[in-house]
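Chemist: Sharing my_file.txt (compact mmCIF, C-alpha atoms) below.
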# COMPACT_ATOMS: atom_id res chain seq x y z
CA ALA A 1 5.03 7.14 -7.65
CA ASP A 2 8.15 5.67 -6.17
CA ARG A 3 8.78 6.83 -2.59
CA GLY A 4 12.28 7.99 -3.55
CA MET A 5 10.91 10.48 -6.07
CA LEU A 6 8.78 12.57 -3.76
CA SER A 7 9.92 14.53 -0.73
CA LYS A 8 7.48 15.36 2.07
CA ASN A 9 7.33 18.92 0.71
CA ASN A 10 6.53 17.72 -2.83
CA ILE A 11 3.80 15.41 -1.52
CA THR A 12 2.23 18.31 0.39
CA LEU A 13 2.37 20.61 -2.66
CA THR A 14 0.88 17.89 -4.88
CA THR A 15 -2.04 17.13 -2.55
CA GLU A 16 -2.74 20.84 -1.98
CA LYS A 17 -3.30 21.14 -5.75
CA GLY A 18 -5.94 18.40 -5.50
CA TYR A 19 -4.07 15.63 -7.32
CA GLU A 20 -4.68 12.07 -6.21
CA PHE A 21 -1.93 9.47 -6.49
CA ILE A 22 -0.56 6.27 -5.05
CA LEU A 23 2.81 6.37 -3.33
CA GLY A 24 4.83 3.31 -2.33
CA GLU A 25 6.02 3.25 1.28
CA ARG A 26 8.06 0.93 3.50
CA LEU A 27 6.10 -0.69 6.30
CA LYS A 28 8.85 -0.01 8.86
CA SER A 29 8.75 3.74 8.12
CA LEU A 30 5.03 3.98 8.97
CA PRO A 31 3.82 4.87 12.48
CA LYS A 32 3.20 1.94 14.85
CA ALA A 33 -0.53 2.76 14.79
CA VAL A 34 -0.50 1.84 11.09
CA GLN A 35 2.02 -1.01 11.30
CA VAL A 36 0.16 -3.06 13.91
CA PRO A 37 -3.08 -3.63 11.95
CA LEU A 38 -1.14 -4.14 8.70
CA LEU A 39 0.94 -6.89 10.31
CA ASP A 40 -2.23 -8.82 11.20
CA ILE A 41 -2.58 -11.18 8.22
CA ASN A 42 -6.21 -11.91 9.25
CA GLN A 43 -7.08 -8.37 8.06
CA TYR A 44 -6.28 -9.31 4.44
CA LYS A 45 -9.71 -10.60 3.37
CA GLN A 46 -10.05 -8.87 0.01
CA GLU A 47 -8.43 -10.56 -2.97
CA TRP A 48 -7.24 -9.53 -6.40
CA PHE A 49 -6.36 -12.03 -9.12
CA TYR A 50 -4.35 -11.46 -12.28
CA THR A 51 -2.33 -13.47 -14.77
CA ASP A 52 1.40 -12.74 -14.93
CA ASN A 53 3.56 -12.62 -18.07
CA GLU A 54 4.16 -16.38 -17.86
CA GLY A 55 0.44 -17.19 -17.78
CA GLU A 56 0.41 -18.03 -14.07
CA GLU A 57 -2.53 -16.82 -12.00
CA VAL A 58 -1.41 -14.63 -9.11
CA ASN A 59 -3.55 -14.09 -6.01
CA ILE A 60 -2.84 -10.98 -3.98
CA LYS A 61 -4.69 -10.29 -0.75
CA TYR A 62 -5.13 -6.72 0.37
CA THR A 63 -6.61 -4.53 3.08
CA THR A 64 -7.21 -0.82 3.54
CA ILE A 65 -7.14 1.44 6.59
CA LEU A 66 -7.54 5.18 7.00
CA HIS A 67 -4.70 7.16 8.55
CA GLU A 68 -4.52 10.96 8.83
CA GLY A 69 -6.99 11.49 6.00
CA LYS A 70 -5.21 9.07 3.67
CA THR A 71 -6.12 5.55 2.63
CA VAL A 72 -3.39 3.01 3.25
CA ILE A 73 -3.66 0.06 0.87
CA ALA A 74 -1.52 -2.89 1.90
CA THR A 75 -1.04 -6.00 -0.21
CA TYR A 76 0.03 -9.43 0.94
CA GLN A 77 1.54 -12.21 -1.07
CA ASP A 78 3.93 -14.97 -0.04
CA GLU A 79 6.79 -12.50 -0.54
CA GLY A 80 5.41 -10.21 2.19
CA LEU A 81 3.62 -6.93 2.82
CA ALA A 82 3.72 -3.89 0.55
CA PRO A 83 1.79 -0.89 1.91
CA LEU A 84 0.74 1.93 -0.39
CA PHE A 85 -0.79 5.30 0.34
CA SER A 86 -3.61 6.53 -1.80
Mind turning this structure into structure tokens?
Modeler:
Amino acid sequence: ADRGMLSKNNITLTTEKGYEFILGERLKSLPKAVQVPLLDINQYKQEWFYTDNEGEEVNIKYTTILHEGKTVIATYQDEGLAPLFS
């Protein structure tokens, strides 16, 4: 889900019903305790490869950390970091 679609209240109601989802989030809006390890590029040891629409292979590195009972999945590519909650 796009972060603009879900308010904090809607997220709480959704998780209370037992649904699992991935929500996009801005790195700068996360607590410092989450930002610091995500800004360490050495943490991005797992890789995912796919082929884009133009036939180019894309390599995305990612890492995961646990924060307040949620899994934060952060991806890294030359364009920068993109953390996701799951």
Chemist: To one decimal place, how far is atom CA of A:Glu57 from atom CA of A:Tyr44 in Å?
Modeler: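 Separation between atom CA of A:Glu57 and atom CA of A:Tyr44: 18.5 Å.
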Chemist: Between atom CA of A:Glu47 and atom CA of A:Lys61, what is the distance in Å, rounded to a tenth?
Modeler: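 Value for the atom CA of A:Glu47-atom CA of A:Lys61 distance: 4.4 Å.
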Chemist: In the coordinates of the file, take the point (-6.1, -8.6, -0.1) and a cut-off of 8 Å; then, counting all atoms listed in the file, name each qualifying protein, DNA or RNA residue as an MDAnalysis selection string.
Modeler: chainID A and resid 44:48 60:63 74:76
Chemist: Measure the distance from atom CA of A:Val72 to atom CA of A:Val34 in Å and round it to one decimal.
Modeler: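 Going from atom CA of A:Val72 over to atom CA of A:Val34 covers 8.4 Å.
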Chemist: Of the residues A:Lys32, A:Arg26, A:Tyr19, A:Leu13, which is the one nearest to A:His67, using all atoms listed in the file?
Modeler: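 Closest residue, counting all atoms listed in the file: A:Lys32.
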Chemist: Just the residues within 9 Å of A:Leu38, please, counting only C-alpha atoms, with nothing from its chain fewer than 2 positions along; format it as a list in words.
Modeler: Leu27, Val34, Gln35, Val36, Asp40, Ile41, Gln43, Tyr44, Thr63, Thr64, Ile65, Ala74, Leu81 and Pro83 of chain A
Chemist: Once 6 Å is added on each side, what are the centre and the three edge lengths, in Å to one decimal, of the axis-aligned box enclosing the listed atoms of stretch 38-41 of chain A? Present them as JSON.
Modeler:
{"center_x": -0.8, "center_y": -7.7, "center_z": 9.7, "size_x": 15.5, "size_y": 19.0, "size_z": 15.0}
Chemist: Which is closest to A:Asn10 among A:Gly55, A:Lys70, A:Leu23, A:Leu39, if we use all atoms listed in the file?
Modeler: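 Using all atoms listed in the file, A:Asn10 sits closest to A:Leu23.
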Chemist: Ranking A:Glu68, A:Asn9, A:Tyr50, A:Glu16 by minimum distance to A:Ala33 and counting all atoms listed in the file, which one comes first?
Modeler: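 Checking each candidate against A:Ala33, we get A:Glu68 as the closest.
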